[in-house]
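Participant: I'd like to ask some things about the structure below.
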Amino acid sequence: MTEYTALRADLKQRLEVIERSFPSACYNARVEDFREREYPQLNGVTYLDHAATTLYSASLIDAVSSDLKKNLFGNPHSLCPSSLETTKRIQDTRVRVLELLNADPEHFDVVFCGNTTAAIKLVADAFAAHCDNVKSGFEYKVHTDSHTSLVGIRSMATNSEALDSNRMHTFVNSKQINEVGLMAYPAQSNMTGQRHPLSWAGTLRRNRPRWYSLLDAAGLVTTTPLDLSDVAAAPDFVALSFYKMFGYPDLGGLIVRKASSSILQSRKYFGGGTVSFVVNPFHHASDGLPHAIRKSGDPHEYLEDGTVPFHSIIALDHAISDHNRLYGGFKRISQHTQALGCLVLDSLNARKHTNGTPVVDLYTDKHPNDPDHQGATFALNLRKPDGSFVGFNDVLKLASVRDIHIRTGGLCNPGGVTKWVNLSEQEMRENFAAGKRCGDEWDLMNGKPTGAIRISFGAMSTLDDVARLVSFIDEFYVEKRRHVNATALFPPSSNVARVGKISIYPVKSCAAFDIPANTSWKIMAQGLEYDREFCLIHKGTGKVMDMKMYPKMALIRPSIDLDTQILSISCKPALTSLRIPLHENLSTHSHPITKKCNSKVCGDIVVVQAYSDKWISEWFSDTLGIPCTLARYPSAPDGGGRYMKNHLRQGNGEIPIALRNESPILVVNRESLNPVNEAISASAGKASDISVFRSNIVIDGPKPFDEDKWLQLEFRNSSSSIQLLGPCRRCHMICIDQMTAERSPEPFVTLSKLRTVNGKVYFGQHGTFIGDSSSQIGSIKVGDELDISYIDLDTSDTDSGESCSSGSTAITADTAVDITEPAVKQEPAQPSCVLQ
Ligand SMILES: *Cc1c(COP(=O)(O)O)cnc(C)c1O
């Protein structure tokens, strides 16, 4: 029995016990039955991001597509038969939505809009306009555990305040009859899955008759029925997103309690569907006459501007039917997902390191066996045996390799992050000042996480989704007793190395051009000649494109002919190839062949010369299926003004790097791949080729990981040398096969077990070229012999963060030890992935 089967069997037993307290939850087996057929997009994937969106079924897409093919749907604003058909379907779907929420159409209306955020904004705009009309302000109280879409209203209110649960409870229970105000909170936290009392809305109405309640139900309704049958207790406004309930269509709704709807009529804008009659469209605004008569009646009549998204509304009708057919209603989905939630919470809480410390910090003090207080969404961070945190971005990278889909970061819930990660406002401000922004790579600052990992379940989640997650955490994050063999298994260093292979990447992020044997290649302070001198830029964003986003770039093969001075670019199976002269005066050409434009590399603005020839941009756009074009970065000796970030050892910040991500030259030791490949083979994986590391120079070094201690490589045939700057941090991009552009888990999975420092994976060394005294230009050729000089481990100041050294311990599959702190003094500002 493999470890996974054993774990799954154990979890299955536990789930059976849990399900006894959720009587209608026992449909795990049923979902397993139809999941492959209904959700083919999930094959081989562990999808744990239902709080962001759940997934649509194949039968839903089939039903929608056959309906659209069979019937003629006109614009609902016309009066012809096709138009009336659409109007009829929209009217019916409105009723079905209300029925789904147990909301009586006599008392409630649904306003269709883009998403939850748009629904919230409709309410906010109306409040702002109302206060403008009556020349008074409005008060806003918002729960601290809110999504940013509720936080945004704060800037429109006259006074606003964020309240935690206790203060919110006190607030709704205190009487006040004068001021107008809006109170908003999530039914379920999008971050932690904690649920907040639906009763607050009714209590508020009793105690504060001029206050309104806005419930953000987007998080709750993914897995749980919302019941609005009690009109007196229902929130005034409920915002939700239908794609979060059914996976499709991309549509949102605002459920309005009709008795509370008049304030929404204050909204100022009108247009399309919301106009009853335009009296005088062109009169002067200051003459005080109305432009148009608005529609009155039900809220949707005066709030849905323009043509409603009618195809989506028709699809929503099918989504409700299909979902009901597959799952038998949200009540059952709720029981099923709560049961899986109990299983995952208990399993993660049980994960301990060998010293007994917990592996998982779970950000909730509630349990999903209590569905009033906790849903099937969880936020967490992982800890190492010494209690320090694992960076959530590192977890994301490894999870991606295992095809586990999770959400990480600030989770659009600043209040939740502050509370659970225990970040003070001061620390948030300091992080911001230091450059932290939503969605960037900074996952730990001063040892504290800047966000969290979120996992969430949906109707089609199964036991295997839980088992795969737990097995992933066991595999990578639970410390096991390792066999550490401290004696080197390799002969002592011979101090001599050879240049085994030289590669440049003339077009950044495209295939390598290997320098032919017997060819000397120019080498300069900013790196090898023509390395990353060209790049592709996206026509929409203007950004320099990289392989992370566009793996197919690996198939574009540039080559350089020094005799003819031509760069040729080809890509199989395309029949044509491009030929670009290396020496053309780009700017003074009579018919300009390029134009200057601003672009971005690793967050830095760079000015590139984009080729304006249509043929060139069409060739790349057709080859990649992405609108883009070729650009050149002027190869000025100063590296065009981009310099190495100075977190690397000895980097004084003055080393030019042009379009290279991090440093002028990347060096790897071919020997170091051997133990990695041995470990991969031992786990029946496919061995990796050295090309995945996209180095400039492959050194045939004396023994694996010897490069950790290299200080300098001196050319025997000249007085120039390569100075090593520090280890290169890796991400899952090393999993892209450079011949086929296909992804696989290796070598990242094995490297993350063999070679991690603080959860970061390192392979290879950054370097820079130092010419002999007379020039900063030299040359290099395959076979060149190099003398290695080593870091003096005894005298080196360890605080200066010398390269990651394993001392005398060679790192092999069975001698996995954490190497000492490398030269990264502070978190790199950008992903230090040298897959350029
Ligand atoms: C997803 C979500 C939102 C935002 O929904 P959009 O569809 O992106 O507008 C708001 N609040 C909560 C609780 C959510 O889960």
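Residue names in the structure tokens use chain letters A, B, ... in the order shown, residue numbers from 1 in each chain, and ligand numbers from 1 in the order shown.
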Pick out each residue of region 279-477 of chain A that DSSP on the backbone tags as strand (DSSP E); I need them as a list in words.

Facilitator: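 Answer for region 279-477 of chain A, restricted to strand (DSSP E): Ala292, Ile293, Arg294, Val360, Asp361, Leu362, Thr377, Phe378, Ala379, Leu380, Asn381, Leu382, Ile404, His405, Arg407, Thr408, Gly409, Leu444, Met445, Lys448, Pro449, Ala452, Ile453, Arg454, Ile455 and Ser456 of chain A.
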
Participant: Using only C-alpha atoms and all ligand atoms, what table do you get, as a Markdown table, when you list each residue of chain A with an atom no more than 9 Å from ligand 1, its nearest pair of atoms, and their distance in Å rounded to one decimal, rows by chain then rising number?

Facilitator:
| residue | atom | partner | partner_atom_place_in_ligand_line | distance |
| --- | --- | --- | --- | --- |
| A:Ala51 | CA | ligand 1 | 15 (O) | 5.9 |
| A:Ala52 | CA | ligand 1 | 1 (C) | 5.7 |
| A:Thr53 | CA | ligand 1 | 1 (C) | 7.6 |
| A:Gly114 | CA | ligand 1 | 9 (O) | 7.6 |
| A:Asn115 | CA | ligand 1 | 7 (O) | 4.2 |
| A:Thr116 | CA | ligand 1 | 9 (O) | 3.7 |
| A:Thr117 | CA | ligand 1 | 9 (O) | 3.6 |
| A:Ala118 | CA | ligand 1 | 9 (O) | 6.3 |
| A:Ala119 | CA | ligand 1 | 9 (O) | 7.8 |
| A:Ile120 | CA | ligand 1 | 9 (O) | 8.3 |
| A:Ser146 | CA | ligand 1 | 13 (C) | 6.9 |
| A:His147 | CA | ligand 1 | 11 (N) | 4.9 |
| A:Thr148 | CA | ligand 1 | 10 (C) | 7.3 |
| A:Ser149 | CA | ligand 1 | 10 (C) | 5.9 |
| A:Leu150 | CA | ligand 1 | 11 (N) | 7.5 |
| A:Tyr185 | CA | ligand 1 | 13 (C) | 8.7 |
| A:Pro186 | CA | ligand 1 | 13 (C) | 5.5 |
| A:Ala187 | CA | ligand 1 | 13 (C) | 7.2 |
| A:Gln188 | CA | ligand 1 | 13 (C) | 6.0 |
| A:Ser189 | CA | ligand 1 | 13 (C) | 5.4 |
| A:Asn190 | CA | ligand 1 | 15 (O) | 4.3 |
| A:Met191 | CA | ligand 1 | 15 (O) | 7.8 |
| A:Gly193 | CA | ligand 1 | 13 (C) | 8.9 |
| A:Asp216 | CA | ligand 1 | 11 (N) | 5.7 |
| A:Ala217 | CA | ligand 1 | 13 (C) | 6.2 |
| A:Ala218 | CA | ligand 1 | 14 (C) | 4.5 |
| A:Gly219 | CA | ligand 1 | 15 (O) | 3.7 |
| A:Leu220 | CA | ligand 1 | 13 (C) | 7.2 |
| A:Val221 | CA | ligand 1 | 15 (O) | 8.9 |
| A:Thr222 | CA | ligand 1 | 15 (O) | 8.4 |
| A:Ala239 | CA | ligand 1 | 10 (C) | 8.2 |
| A:Leu240 | CA | ligand 1 | 5 (O) | 7.1 |
| A:Ser241 | CA | ligand 1 | 7 (O) | 5.0 |
| A:Phe242 | CA | ligand 1 | 7 (O) | 8.1 |
| A:Tyr243 | CA | ligand 1 | 7 (O) | 7.6 |
| A:Lys244 | CA | ligand 1 | 1 (C) | 7.2 |
| A:Asp250 | CA | ligand 1 | 7 (O) | 8.3 |
| A:Leu251 | CA | ligand 1 | 7 (O) | 7.9 |
| A:Gly252 | CA | ligand 1 | 7 (O) | 6.7 |
| A:Cys412 | CA | ligand 1 | 3 (C) | 8.4 |
| A:Asn413 | CA | ligand 1 | 13 (C) | 8.9 |

Participant: Go through A:Val749, A:Val134, A:Leu754, A:Val667 one by one, measure the shortest atom-to-atom distance of each to Gln712 (chain A) using only C-alpha atoms, and give the residue with the smallest value.

Facilitator: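 So, comparing all the options, the nearest one is A:Val667.
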
Participant: Please, which residues of region 339-579 of chain A, numbered as in this document, come out helix (DSSP H, G or I) from DSSP, as an NGL selection string?

Facilitator: :A and (339-349 or 392-401 or 414-421 or 425-433 or 463-477 or 551-555)

Participant: Using only C-alpha atoms, can you tell me which of A:Ile502, A:Ile263, A:Leu786, A:Leu42 comes closest to Gly527 (chain A)?

Facilitator: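 Answer, going by the shortest atom-to-atom distance: A:Ile502.
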
Participant: For a quick check of understanding, using only C-alpha atoms, which of A:Leu84, A:Ile556, A:Leu340, A:Cys628 has the smallest distance to Pro573 (chain A)?

Facilitator: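 For Pro573 (chain A), the nearest of the given residues is A:Ile556.
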
Participant: So which one's closest to Pro745 (chain A), A:Ala184, A:Pro675, A:Ile777, A:Ala687? Using only C-alpha atoms, please.

Facilitator: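 Result for the nearest residue to Pro745 (chain A): A:Ala687.
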
Participant: Of the residues A:Asp361, A:Asp708, A:Glu304, A:Asp622, which is the one nearest to Phe112 (chain A), using only C-alpha atoms?

Facilitator: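 Going through A:Asp361, A:Asp708, A:Glu304, A:Asp622 one by one, the smallest distance to Phe112 (chain A) is for A:Glu304.
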
Participant: Give me the residues near region 679-683 of chain A as a ChimeraX atom specification, where near means some atom within 8 Å (using only C-alpha atoms) and where sequence neighbours in that chain fewer than 2 positions away do not count.

Facilitator: /A:675-677,685-687,746-747,750,812-813
